[in-house]
Structure formats: structure tokens, C-alpha cells
Amino acid sequence: MANVTRHIGLSLGADICWPICYEQIVGKLKLSIPWQGDQVGVDVERVTIEPFDLRQSCKYDVVLDRLTHWFHTSREWIKKSIVLDGLYVLNNPWSVQSNEKHTTYAAMMRLGMPIPNTWMVPPKSYEALPDLKPTLTKYAKLFDLGAVGAKVGYPLFVKPYDGGGWKGVSRAADAAQLRQRYEESGKLVMHLQQAVEPFDGFVRCIGLGPQTTLVRYDPDAPLHDRYTMDRPKAFVTDEEASLLRDTTLTINAFFGWDFNSCEALRKNGVWHPIDFANPCPDSQVTSLHYHFPWLVMANVRWSIFCAVTKRKFRPNLDWAPFFEIAARQDLPYRERLRGYAKIAAERFETARFEEFCAKHLGHLDEVAYEFFGTPVARDAVRQKTAALFPAHEVDKFTELFWQRIQKWRSETGATRK
Ligand SMILES: Nc1ncnc2c1ncn2[C@@H]1O[C@H](COP(=O)(O)OP(=O)(O)OP(=O)(O)O)[C@@H](O)[C@H]1O
Ligand SMILES: [Mg+2]
């Protein structure tokens, strides 16, 4: 029996709070997991940015990546490390690079999800490239934007096909407003998407490996209050919770995204997913607050499971099994969704993961509960708050987020007793 160490790398940009908490908790777990004849420990390190030889080997077993959707040196390092060394990465970088909102809408339409009517329109203006004029002169058809809007159905949302962070998102109630929004959209390639209105439920379901959590989302609240602290029982039935979980895990397994979130709105009893291409989901305590410990713990469980078991990375997305079920039009949609979710459970090894956590990470709840009461945890909250808020608001908001974490502690503490 040998003592071996698995290496987990954190590929980070502006993240401050969760990496501190993650590193602290993994350290306090003092892991020595008996696995296939070895005693396995885990080491966590931050990945640096530097020149690299394409042939150099990668020391990490798992990388938690938060950077490569915009920082391409690291993206290419990660891609070559998967190809040459079989690195396991959250998330599949090729899929992050190529599957934007647009493809995710199309694919989930094919699986039968009730995605609102969505059209794409060519952009209002262009980069003056040499081939632009001949291309547009020959092939671009004049179109009546108002008529496209009427086909989509008003009110509608005008939003970039590859968006994020509400950038360029606006609402148009009629053709005149739509024209105005289009004028303002510049070079962005936009979707027009029918508004799910009026809606009576708005949920963000966060998925991390096979783990999910449901948060009622309030889009009209200030940023720090958008993730509400309501319990799922207060805003969804058990069947709705199960449907939203199956929806999220289907999307995540389909696109090779271990960590992603799905936004869905309920109208007339139907949940319409509207935004589920978020493969670098918000992980900041300043937005997640009460839900932040869940996220850190979910990350710890899944990454340790992947590292210790040397879970195989799936570089290719295999869509055929989902499409086979999608073709079964004789089955009601909920049945097909259960079929997709079964594939997701196989791909995320749900049963094996749960067994692993029960056997080897039984002390995580206690360790996290203790940690989220310490000055180190509070300082992590403060550092993130100080990075985002004006100086005169740092004390007030640090205390607000801290109290919400303490609320989480008192509730989990109470359920454990
Ligand atoms: N079809 C729709 N019906 C109703 N509301 C919508 C619709 N599309 C977008 N919205 C509203 O606009 C917000 C931003 O849209 P969307 O989530 O698609 O953009 P985003 O830039 O990806 O946002 P984020 O990065 O915050 O998730 C949504 O949270 C929702 O409040
Ligand atoms: Mg969104």
C-alpha cells in the first residue's frame, strides 16, 4: 500500500472568495482515502500563467477552471493537457468554446424542451472586412424587422446569441421598440426571444456534477438580493423540483459541462428554460451569500471524487443517445426527459459518487460547518466584498453576507441535531 497524492489545480481569474474557502476546507479534511490499494491524499494548488512546452506533462489530475472562456493561453494549455495527459477539467473547454446560447437552445428544442420562440437576426453593423461588401451585396436579404418580431411574438427579449452577464439584453414590447433596440445593438449578433410573461416562477438550478440546488431568482432585485433565500418547498412542488433537476442535468451531461446553471420561468404551469449556457456560473459570495457554502461543498465533493477515482474525461460529446430518445414521439415529454436524465446519471456516475461521498467524505459537513464560522471565512467574504463594493459599503455588506452564511449554519446545524 503506497501513499499517493492527487493534484487539483485551480485555474483562476478574478475569483477571490470560493478558492480560499475551497483550499481551507480541503486542507481541514486531511484526506487519506483508501483507493484501489493506495492511501490517497489531495493537494490543491493555483495554476500559474507562463510559457509552456506543448510536450511538457501536466502534474494535475483535475483542474477547476474559471478562466479559459476569455483567457486563451490557459484554454489552450488545458486543451493540450487533456489531449496529451488525460487531464480532467470542469468544464469541457471545446464545448465551452463552441456551444453558446444559440446551440444550446437548438439542441434542447430537439430534445423537446419548451424553449420560447427564438429567432436569430443578422447584426445591425459590421467590421469593415474586405469581403463584407460582396458578401452582403450578393446574399444579404432585406428584411422587415417588425415582421420577424411579429412571428416571434411580442413582448420579446433582444439578446446576444452568445451572451452573459445581461450584456446587451433588453425587452421590446412592440415593433417600434424592437427597431430601437436593434439600432442600439451594433455589431452584436442577436436573438429575438419571445418573453415568458407573465411568469409566476423564476428558478436558477445550479448543477455541479450530479449535485443540484434550486434557487428562486428575483431578476428585479439589486444584485446582492437576486438569489433569494427561500426554501424550494416554498416555490416548487416535488415534481417541479425533480423536473428542473432532470432538465439541468440533461443539459449539463449533453454539453459536457460539470458545472453550469439553468434559468427557467414558469408560465401556465410550464417551466420554460431561457438561459442555460452558463459554463462558468457565478460563484461569488456577493451574489450567492446563503447558497455559497453549498457551492463550495459541492465543488469539494465532486472534484475530490474525480481526482481520487481518476474519473475519465470525456473529450467528445456523444449526442446520439439523447437524440434516440428524442425521436420517441410516442412517449410523453416527461418520460423522454426521464430517459435523458438517466443518461446524465450514468455519465455523472451518480450512484458511485453518492457511495463515495458517504464512505469517504462523511466529515465534510462538520468541517464546512466549523469553517464557515471562522475569521478566515469571514475575511474571504470581506476580501470579495471589498473588491466589488465602494469603500464606505464594505463593512455593511460584509456583515450582510456573513449573517446569511450564519443563517445557513444555524439551519444545517439544526438539521444535524
Ligand atoms: N425569454 C425571456 N422571457 C422572460 N425574461 C427573459 C427572457 N430572456 C431573458 N429574460 C430576462 O433577462 C435576463 C437576462 O437574460 P439571459 O439570462 O438570457 O442573459 P445573460 O446575459 O445570459 O444573463 P446571466 O449571465 O445573468 O445569466 C434573464 O435573467 C431574465 O430576467
Ligand atoms: Mg441569465
# chains A, B, ... in the order shown; residues from 1 in each chain; ligands from 1
$ residues_around --residues "Ala253 in chain A" --least-positions-apart "2" --cutoff "8 Å" --atoms "only C-alpha atoms" --output "ChimeraX atom specification"
/A:249-251,255-258,343-344,347-348
$ residues_around --residues "Phe259 in chain A" --least-positions-apart "5" --cutoff "8 Å" --atoms "only C-alpha atoms" --output "number ranges by chain"
A: 90-91, 206-209, 252, 279-281
$ write_last_selection --atoms "C-alpha atoms" --output "mmCIF file, in the first residue's frame"
data_model
loop_
_atom_site.group_PDB
_atom_site.id
_atom_site.type_symbol
_atom_site.label_atom_id
_atom_site.label_comp_id
_atom_site.auth_asym_id
_atom_site.auth_seq_id
_atom_site.Cartn_x
_atom_site.Cartn_y
_atom_site.Cartn_z
ATOM 1 C CA LEU A 90 -14.509 21.329 -15.232
ATOM 2 C CA ASN A 91 -15.730 22.175 -17.899
ATOM 3 C CA ILE A 206 -27.144 25.119 -10.306
ATOM 4 C CA GLY A 207 -25.609 21.783 -11.232
ATOM 5 C CA LEU A 208 -22.197 20.569 -10.122
ATOM 6 C CA GLY A 209 -21.532 17.007 -11.254
ATOM 7 C CA ASN A 252 -25.032 19.551 -18.386
ATOM 8 C CA PRO A 279 -20.493 27.114 -18.079
ATOM 9 C CA CYS A 280 -18.677 29.480 -15.724
ATOM 10 C CA PRO A 281 -21.518 30.171 -13.290
#
$ closest_residue --among "A:Asn260, A:Thr5, A:Gln403, A:Thr228" --to "ligand 1" --atoms "only C-alpha atoms and all ligand atoms"
A:Asn260
$ closest_residue --among "A:Ile78, A:Ile115, A:Cys357, A:Ile405" --to "His289 in chain A" --atoms "only C-alpha atoms"
A:Ile405
$ select_by_dssp --residues "range 77-147 of chain A" --states "helix (DSSP H, G or I)" --output "tab-separated table (two decimals) with C-alpha atoms, in the first residue's frame"
chain	number	residue	atom	x	y	z
A	77	TRP	CA	-2.86	24.78	-22.03
A	78	ILE	CA	-5.89	22.97	-20.69
A	79	LYS	CA	-6.79	21.56	-24.11
A	80	LYS	CA	-3.32	20.20	-24.70
A	81	SER	CA	-3.23	18.74	-21.18
A	82	ILE	CA	-6.45	16.83	-21.86
A	83	VAL	CA	-5.19	15.59	-25.22
A	84	LEU	CA	-1.73	14.56	-24.02
A	85	ASP	CA	-2.25	13.67	-20.36
A	93	PRO	CA	-13.11	23.52	-22.92
A	94	TRP	CA	-14.07	22.66	-26.52
A	95	SER	CA	-17.69	22.69	-25.52
A	96	VAL	CA	-17.32	25.98	-23.65
A	97	GLN	CA	-15.64	27.43	-26.73
A	98	SER	CA	-18.22	26.35	-29.26
A	101	LYS	CA	-26.73	30.07	-26.07
A	102	HIS	CA	-27.74	29.53	-29.70
A	103	THR	CA	-26.65	25.89	-29.98
A	104	THR	CA	-28.00	25.09	-26.55
A	105	TYR	CA	-31.44	26.45	-27.50
A	106	ALA	CA	-31.43	24.46	-30.75
A	107	ALA	CA	-30.28	21.22	-29.12
A	108	MET	CA	-32.76	21.42	-26.26
A	109	MET	CA	-35.55	22.25	-28.73
A	110	ARG	CA	-34.71	18.96	-30.42
A	132	LEU	CA	-18.02	42.20	-46.45
A	133	LYS	CA	-19.43	44.25	-49.30
A	134	PRO	CA	-19.52	41.49	-51.96
A	135	THR	CA	-20.98	39.07	-49.45
A	136	LEU	CA	-23.77	41.33	-48.26
A	137	THR	CA	-24.49	42.71	-51.72
A	138	LYS	CA	-24.93	39.25	-53.16
A	139	TYR	CA	-26.57	37.40	-50.30
A	145	LEU	CA	-37.60	43.52	-38.51
A	146	GLY	CA	-41.14	44.26	-37.31
A	147	ALA	CA	-42.45	41.26	-39.25
$ closest_atom_pairs --of "chain A" --to "ligand 2" --cutoff "10 Å" --atoms "only C-alpha atoms and all ligand atoms" --output "JSON lines"
{"residue": "A:Gly163", "atom": "CA", "partner": "ligand 2", "partner_atom_place_in_ligand_line": "1 (Mg)", "distance": 8.6}
{"residue": "A:Gly164", "atom": "CA", "partner": "ligand 2", "partner_atom_place_in_ligand_line": "1 (Mg)", "distance": 6.7}
{"residue": "A:Gly165", "atom": "CA", "partner": "ligand 2", "partner_atom_place_in_ligand_line": "1 (Mg)", "distance": 6.9}
{"residue": "A:Trp166", "atom": "CA", "partner": "ligand 2", "partner_atom_place_in_ligand_line": "1 (Mg)", "distance": 6.7}
{"residue": "A:Lys167", "atom": "CA", "partner": "ligand 2", "partner_atom_place_in_ligand_line": "1 (Mg)", "distance": 9.9}
{"residue": "A:Val169", "atom": "CA", "partner": "ligand 2", "partner_atom_place_in_ligand_line": "1 (Mg)", "distance": 9.6}
{"residue": "A:Arg204", "atom": "CA", "partner": "ligand 2", "partner_atom_place_in_ligand_line": "1 (Mg)", "distance": 8.7}
{"residue": "A:Pro219", "atom": "CA", "partner": "ligand 2", "partner_atom_place_in_ligand_line": "1 (Mg)", "distance": 9.3}
{"residue": "A:Ser261", "atom": "CA", "partner": "ligand 2", "partner_atom_place_in_ligand_line": "1 (Mg)", "distance": 8.8}
{"residue": "A:Cys262", "atom": "CA", "partner": "ligand 2", "partner_atom_place_in_ligand_line": "1 (Mg)", "distance": 8.0}
{"residue": "A:Glu263", "atom": "CA", "partner": "ligand 2", "partner_atom_place_in_ligand_line": "1 (Mg)", "distance": 6.3}
{"residue": "A:Ala264", "atom": "CA", "partner": "ligand 2", "partner_atom_place_in_ligand_line": "1 (Mg)", "distance": 9.3}
{"residue": "A:Ile274", "atom": "CA", "partner": "ligand 2", "partner_atom_place_in_ligand_line": "1 (Mg)", "distance": 7.5}
{"residue": "A:Asp275", "atom": "CA", "partner": "ligand 2", "partner_atom_place_in_ligand_line": "1 (Mg)", "distance": 5.1}
{"residue": "A:Phe276", "atom": "CA", "partner": "ligand 2", "partner_atom_place_in_ligand_line": "1 (Mg)", "distance": 7.4}
{"residue": "A:Ala277", "atom": "CA", "partner": "ligand 2", "partner_atom_place_in_ligand_line": "1 (Mg)", "distance": 8.5}
{"residue": "A:Asn278", "atom": "CA", "partner": "ligand 2", "partner_atom_place_in_ligand_line": "1 (Mg)", "distance": 7.8}
{"residue": "A:Pro281", "atom": "CA", "partner": "ligand 2", "partner_atom_place_in_ligand_line": "1 (Mg)", "distance": 9.8}
$ write_last_selection --atoms "C-alpha atoms" --output "tab-separated table (two decimals), in the first residue's frame"
chain	number	residue	atom	x	y	z
A	163	GLY	CA	-24.34	36.40	-24.17
A	164	GLY	CA	-23.62	36.50	-20.48
A	165	GLY	CA	-23.97	38.90	-17.56
A	166	TRP	CA	-27.05	40.61	-19.04
A	167	LYS	CA	-24.79	42.37	-21.55
A	169	VAL	CA	-30.13	42.22	-23.08
A	204	ARG	CA	-31.95	29.08	-11.21
A	219	PRO	CA	-34.40	39.49	-11.52
A	261	SER	CA	-26.72	26.69	-14.27
A	262	CYS	CA	-30.14	26.69	-15.88
A	263	GLU	CA	-32.64	29.54	-15.63
A	264	ALA	CA	-36.28	28.64	-16.12
A	274	ILE	CA	-34.44	30.52	-21.13
A	275	ASP	CA	-30.74	30.60	-20.30
A	276	PHE	CA	-28.64	27.50	-19.75
A	277	ALA	CA	-25.31	28.16	-21.42
A	278	ASN	CA	-23.54	29.37	-18.28
A	281	PRO	CA	-21.52	30.17	-13.29
$ select_by_dssp --residues "range 119-166 of chain A" --states "strand (DSSP E or B)" --output "list in words"
Trp119, Met120, Val121, Leu156, Phe157, Val158, Lys159 and Pro160 of chain A
$ write_last_selection --atoms "C-alpha atoms" --output "PDB file, in the first residue's frame"
ATOM      1  CA  TRP A 119     -35.092  33.823 -33.990  1.00  0.00           C
ATOM      2  CA  MET A 120     -31.637  35.000 -34.976  1.00  0.00           C
ATOM      3  CA  VAL A 121     -31.162  38.199 -36.996  1.00  0.00           C
ATOM      4  CA  LEU A 156     -39.817  39.761 -26.701  1.00  0.00           C
ATOM      5  CA  PHE A 157     -36.245  39.872 -25.452  1.00  0.00           C
ATOM      6  CA  VAL A 158     -33.420  41.060 -27.678  1.00  0.00           C
ATOM      7  CA  LYS A 159     -30.208  39.414 -26.522  1.00  0.00           C
ATOM      8  CA  PRO A 160     -26.830  38.344 -27.882  1.00  0.00           C
TER       9      PRO A 160
END
$ residues_around --residues "His363 in chain A" --least-positions-apart "5" --cutoff "12 Å" --atoms "only C-alpha atoms" --output "ChimeraX atom specification"
/A:25-26,28-31,297,301,357-358,368-370
$ residues_around --residues "Val300 in chain A" --least-positions-apart "6" --cutoff "12 Å" --atoms "only C-alpha atoms" --output "number ranges by chain"
A: 8, 10, 18-19, 21-29, 31, 42, 44, 62, 64, 208-209, 211, 293-294, 306-308, 357, 361, 364-365, 367-368
$ residues_around --residues "range 238-243 of chain A" --least-positions-apart "6" --cutoff "9 Å" --atoms "only C-alpha atoms" --output "list of chain:residue names"
A:Leu214, A:Pro232, A:Trp271, A:Arg334, A:Leu337, A:Arg338
$ closest_residue --among "A:Gln177, A:Thr248, A:Asn117, A:Gln329" --to "ligand 1" --atoms "only C-alpha atoms and all ligand atoms"
A:Asn117
$ closest_residue --among "A:Val394, A:Val89, A:Val189, A:Leu223" --to "ligand 1" --atoms "only C-alpha atoms and all ligand atoms"
A:Leu223
$ residues_around --residues "Trp408 in chain A" --least-positions-apart "4" --cutoff "8 Å" --atoms "only C-alpha atoms" --output "list in words"
Tyr290, His291, Pro293, Arg404 and Thr412 of chain A
$ residues_around --residues "Phe313 in chain A" --least-positions-apart "6" --cutoff "7 Å" --atoms "only C-alpha atoms" --output "ChimeraX atom specification"
/A:86-88
$ write_last_selection --atoms "N, CA and C atoms" --output "JSON list (two decimals), in the first residue's frame"
[["chain", "number", "residue", "atom", "x", "y", "z"],
["A", 86, "GLY", "N", -4.64, 13.36, -20.46],
["A", 86, "GLY", "CA", -5.92, 12.89, -19.92],
["A", 86, "GLY", "C", -6.40, 13.67, -18.72],
["A", 87, "LEU", "N", -5.99, 14.95, -18.62],
["A", 87, "LEU", "CA", -6.45, 15.81, -17.52],
["A", 87, "LEU", "C", -7.98, 15.83, -17.45],
["A", 88, "TYR", "N", -8.51, 15.87, -16.23],
["A", 88, "TYR", "CA", -9.96, 16.04, -16.05],
["A", 88, "TYR", "C", -10.24, 17.51, -15.72]]
$ closest_residue --among "A:Ala351, A:Val63, A:Leu192, A:Ala345" --to "Ser303 in chain A" --atoms "only C-alpha atoms"
A:Val63
$ atom_distance --atom1 "CA of Thr48 in chain A" --atom2 "CA of Leu288 in chain A"
26.7 Å
$ decode --residues "range 244-266 of chain A" --atoms "N, CA and C atoms" --output "CSV table (one decimal), in the first residue's frame"
chain,number,residue,atom,x,y,z
A,244,LEU,N,-37.0,20.2,-12.8
A,244,LEU,CA,-35.9,21.1,-13.0
A,244,LEU,C,-34.5,20.5,-12.8
A,245,ARG,N,-34.4,19.6,-11.9
A,245,ARG,CA,-33.2,18.8,-11.8
A,245,ARG,C,-32.9,18.0,-13.0
A,246,ASP,N,-33.9,17.3,-13.5
A,246,ASP,CA,-33.7,16.5,-14.7
A,246,ASP,C,-33.3,17.3,-15.9
A,247,THR,N,-33.9,18.5,-16.0
A,247,THR,CA,-33.6,19.4,-17.1
A,247,THR,C,-32.2,19.9,-17.0
A,248,THR,N,-31.7,20.3,-15.9
A,248,THR,CA,-30.4,20.8,-15.7
A,248,THR,C,-29.3,19.7,-15.9
A,249,LEU,N,-29.6,18.6,-15.4
A,249,LEU,CA,-28.5,17.5,-15.6
A,249,LEU,C,-28.5,17.0,-17.0
A,250,THR,N,-29.7,17.0,-17.7
A,250,THR,CA,-29.7,16.7,-19.1
A,250,THR,C,-28.8,17.6,-19.9
A,251,ILE,N,-29.0,18.9,-19.7
A,251,ILE,CA,-28.2,20.0,-20.4
A,251,ILE,C,-26.8,19.8,-20.1
A,252,ASN,N,-26.4,19.6,-18.8
A,252,ASN,CA,-25.0,19.6,-18.4
A,252,ASN,C,-24.3,18.3,-18.9
A,253,ALA,N,-25.0,17.2,-18.9
A,253,ALA,CA,-24.4,16.0,-19.5
A,253,ALA,C,-24.3,16.1,-21.0
A,254,PHE,N,-25.3,16.7,-21.6
A,254,PHE,CA,-25.3,16.8,-23.1
A,254,PHE,C,-24.1,17.6,-23.6
A,255,PHE,N,-23.8,18.7,-22.8
A,255,PHE,CA,-22.7,19.6,-23.3
A,255,PHE,C,-21.4,19.4,-22.6
A,256,GLY,N,-21.3,18.4,-21.7
A,256,GLY,CA,-20.0,18.1,-21.1
A,256,GLY,C,-19.7,19.2,-20.1
A,257,TRP,N,-20.7,19.8,-19.5
A,257,TRP,CA,-20.5,20.9,-18.5
A,257,TRP,C,-20.8,20.3,-17.1
A,258,ASP,N,-19.7,20.0,-16.3
A,258,ASP,CA,-20.0,19.5,-15.0
A,258,ASP,C,-20.6,20.6,-14.1
A,259,PHE,N,-20.3,21.9,-14.4
A,259,PHE,CA,-20.7,23.0,-13.6
A,259,PHE,C,-21.4,24.0,-14.5
A,260,ASN,N,-22.7,24.2,-14.3
A,260,ASN,CA,-23.5,25.0,-15.2
A,260,ASN,C,-24.8,25.3,-14.5
A,261,SER,N,-25.4,26.4,-14.9
A,261,SER,CA,-26.7,26.7,-14.3
A,261,SER,C,-27.8,26.9,-15.3
A,262,CYS,N,-29.0,26.6,-15.0
A,262,CYS,CA,-30.1,26.7,-15.9
A,262,CYS,C,-31.2,27.6,-15.3
A,263,GLU,N,-31.6,28.6,-16.1
A,263,GLU,CA,-32.6,29.5,-15.6
A,263,GLU,C,-33.9,29.1,-16.3
A,264,ALA,N,-35.0,29.0,-15.5
A,264,ALA,CA,-36.3,28.6,-16.1
A,264,ALA,C,-37.4,29.5,-15.5
A,265,LEU,N,-38.4,29.8,-16.3
A,265,LEU,CA,-39.5,30.6,-15.9
A,265,LEU,C,-40.8,29.8,-16.1
A,266,ARG,N,-41.7,30.0,-15.1
A,266,ARG,CA,-43.0,29.2,-15.2
A,266,ARG,C,-44.1,30.1,-15.6
